[in-house]
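Notes follow once the structure below has been shown.
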Amino acid sequence: MTHSLVCAETVSRVSSVLNRNTRQFGKKHLFDQNEETCWNSDQGPSQWVTLEFPQLVRVSQLQIQFQGGFSSHRGCLEGSQGSQALHKIVDFFPEDNNSLQISCPCFWGGWSVPLEALDSPKPEWEPQ
């Protein structure tokens, strides 16, 4: 059984917020469990989310859901420990739809997230 590693002490950062409207589209909506809200990035060459956990974690699964017609065909998960530089863990290729997409061998072309101890994972994707 999987559970979210995000807790009250997790620090999140995002590449941008649509029209700088944090009230309607801010990062707080990433993990609010409300399907009526979402983080919405502004335009740019790529969008990303960085999470800084208070302790090392083993990321075994990545779940992404695109909304509002935005999707991506290519993404990359990076990570680090402490003050180390980010390094690539895995490329991923999400489906062009708004359903919840979960990394495991049966989805997304058979990729999975390698078990690696991190405290700062960073998924990034390129818009279509």
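Chains: A, B, ... in order of the structure tokens. Residues: from 1 per chain. Ligands: from 1, in order shown.
Residues lying within 9 Å of segment 36-40 of chain A, counting only C-alpha atoms and ignoring same-chain neighbours fewer than 2 positions away, are A:Val14, A:Ser16, A:Val17, A:Leu18, A:Thr22, A:Gln24, A:Phe25, A:Gly26, A:Lys27, A:Lys28, A:His29, A:Leu30, A:Phe31, A:Asp32, A:Gln33, A:Asn34, A:Asp42, A:Phe66, A:Gln67.
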Write to file, as a short mmCIF file (atom, residue, chain, number, x, y, z; two decimals), in the first residue's frame, the residues of the selection just made, with N, CA and C atoms.
```cif
data_model
loop_
_atom_site.label_atom_id
_atom_site.label_comp_id
_atom_site.auth_asym_id
_atom_site.auth_seq_id
_atom_site.Cartn_x
_atom_site.Cartn_y
_atom_site.Cartn_z
N VAL A 14 7.43 25.84 -7.11
CA VAL A 14 6.96 25.58 -8.47
C VAL A 14 7.62 26.55 -9.44
N SER A 16 6.28 28.38 -11.84
CA SER A 16 5.52 29.61 -12.03
C SER A 16 4.07 29.36 -11.64
N VAL A 17 3.30 30.45 -11.58
CA VAL A 17 1.86 30.36 -11.32
C VAL A 17 1.17 31.23 -12.37
N LEU A 18 0.13 30.69 -12.98
CA LEU A 18 -0.58 31.39 -14.03
C LEU A 18 -0.99 32.79 -13.59
N THR A 22 -1.89 33.34 -7.18
CA THR A 22 -1.66 32.23 -6.25
C THR A 22 -2.94 31.81 -5.52
N GLN A 24 -5.98 31.44 -6.81
CA GLN A 24 -6.74 30.50 -7.63
C GLN A 24 -5.90 29.35 -8.17
N PHE A 25 -4.60 29.59 -8.46
CA PHE A 25 -3.78 28.59 -9.15
C PHE A 25 -2.49 28.24 -8.43
N GLY A 26 -2.32 28.65 -7.19
CA GLY A 26 -1.06 28.48 -6.46
C GLY A 26 -0.72 27.04 -6.11
N LYS A 27 0.53 26.86 -5.65
CA LYS A 27 1.06 25.53 -5.32
C LYS A 27 0.30 24.85 -4.18
N LYS A 28 -0.41 25.63 -3.36
CA LYS A 28 -1.18 25.03 -2.27
C LYS A 28 -2.21 24.03 -2.80
N HIS A 29 -2.59 24.18 -4.07
CA HIS A 29 -3.58 23.28 -4.66
C HIS A 29 -2.99 21.95 -5.15
N LEU A 30 -1.67 21.82 -5.13
CA LEU A 30 -1.04 20.57 -5.56
C LEU A 30 -1.48 19.38 -4.71
N PHE A 31 -1.61 19.61 -3.41
CA PHE A 31 -1.85 18.50 -2.48
C PHE A 31 -3.08 18.70 -1.61
N ASP A 32 -4.05 19.49 -2.09
CA ASP A 32 -5.23 19.77 -1.26
C ASP A 32 -6.32 18.71 -1.36
N GLN A 33 -6.11 17.67 -2.17
CA GLN A 33 -7.07 16.57 -2.32
C GLN A 33 -8.43 17.01 -2.87
N ASN A 34 -8.47 18.17 -3.53
CA ASN A 34 -9.70 18.70 -4.09
C ASN A 34 -9.61 18.65 -5.61
N ASP A 42 2.40 29.14 -15.48
CA ASP A 42 2.40 30.08 -16.57
C ASP A 42 3.12 29.43 -17.75
N PHE A 66 -2.89 15.82 -15.08
CA PHE A 66 -2.97 17.08 -15.80
C PHE A 66 -4.44 17.47 -15.90
N GLN A 67 -4.69 18.78 -15.90
CA GLN A 67 -6.07 19.26 -16.01
C GLN A 67 -6.17 20.37 -17.05
#
```
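With distances restricted to only C-alpha atoms, A:Asn97 is the closest residue to His73 of chain A from A:Asn97, A:Ser12, A:Ser41, A:Ser120.
Using only C-alpha atoms for every distance, the candidate list A:Lys122, A:Arg20, A:Arg74, A:His87 yields A:Lys122 as the residue closest to Glu52 of chain A.
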Across A:Phe92, A:Ala8, A:Arg13, A:Leu51, the smallest distance to Ile64 of chain A, with only C-alpha atoms counted, is shown by A:Phe92
Just the residues within 10 Å of Gln65 of chain A, please, counting only C-alpha atoms, with nothing from its chain fewer than 3 positions along; format it as JSON, numbers by chain.
{"A": [30, 35, 38, 70, 71, 94, 95, 97, 98, 99, 100, 101, 102]}
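From atom CA of Ser46 of chain A back to atom CA of Ile89 of chain A, the distance works out to 17.3 Å.
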Could you pull out the residues in segment 20-89 of chain A that DSSP calls strand (DSSP E) from the backbone, as a PDB file with C-alpha atoms, in the first residue's frame?
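The resulting file, result_18.pdb, is reproduced below:
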```pdb
ATOM      1  CA  GLN A  47       7.244  23.428 -15.747  1.00  0.00           C
ATOM      2  CA  TRP A  48       8.473  21.856 -12.541  1.00  0.00           C
ATOM      3  CA  VAL A  49       7.701  21.167  -8.902  1.00  0.00           C
ATOM      4  CA  THR A  50      10.392  20.755  -6.250  1.00  0.00           C
ATOM      5  CA  LEU A  51       9.653  19.088  -2.929  1.00  0.00           C
ATOM      6  CA  GLU A  52      12.042  19.289   0.016  1.00  0.00           C
ATOM      7  CA  VAL A  57      12.563   9.380   1.613  1.00  0.00           C
ATOM      8  CA  ARG A  58      12.396   6.541  -0.883  1.00  0.00           C
ATOM      9  CA  GLN A  63       1.446  10.253  -9.495  1.00  0.00           C
ATOM     10  CA  ILE A  64       0.600  13.058 -11.925  1.00  0.00           C
ATOM     11  CA  SER A  72       3.027  16.702 -21.704  1.00  0.00           C
ATOM     12  CA  HIS A  73       4.610  13.932 -23.731  1.00  0.00           C
ATOM     13  CA  ARG A  74       7.932  13.932 -21.910  1.00  0.00           C
ATOM     14  CA  GLY A  75       9.025  14.485 -18.336  1.00  0.00           C
ATOM     15  CA  CYS A  76      12.014  13.897 -16.122  1.00  0.00           C
ATOM     16  CA  LEU A  77      12.304  13.105 -12.418  1.00  0.00           C
ATOM     17  CA  GLU A  78      15.401  14.534 -10.740  1.00  0.00           C
ATOM     18  CA  GLY A  79      16.475  14.288  -7.121  1.00  0.00           C
ATOM     19  CA  HIS A  87      20.657  14.469 -10.864  1.00  0.00           C
ATOM     20  CA  LYS A  88      18.357  12.694 -13.318  1.00  0.00           C
ATOM     21  CA  ILE A  89      16.636   9.611 -11.966  1.00  0.00           C
TER      22      ILE A  89
END
```
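If you look at atom CA of Ser15 of chain A and atom CA of Pro123 of chain A, they are 10.8 Å away from each other.
Coordinates place atom CA of Glu9 of chain A at a distance of 15.4 Å from atom CA of Gly82 of chain A.
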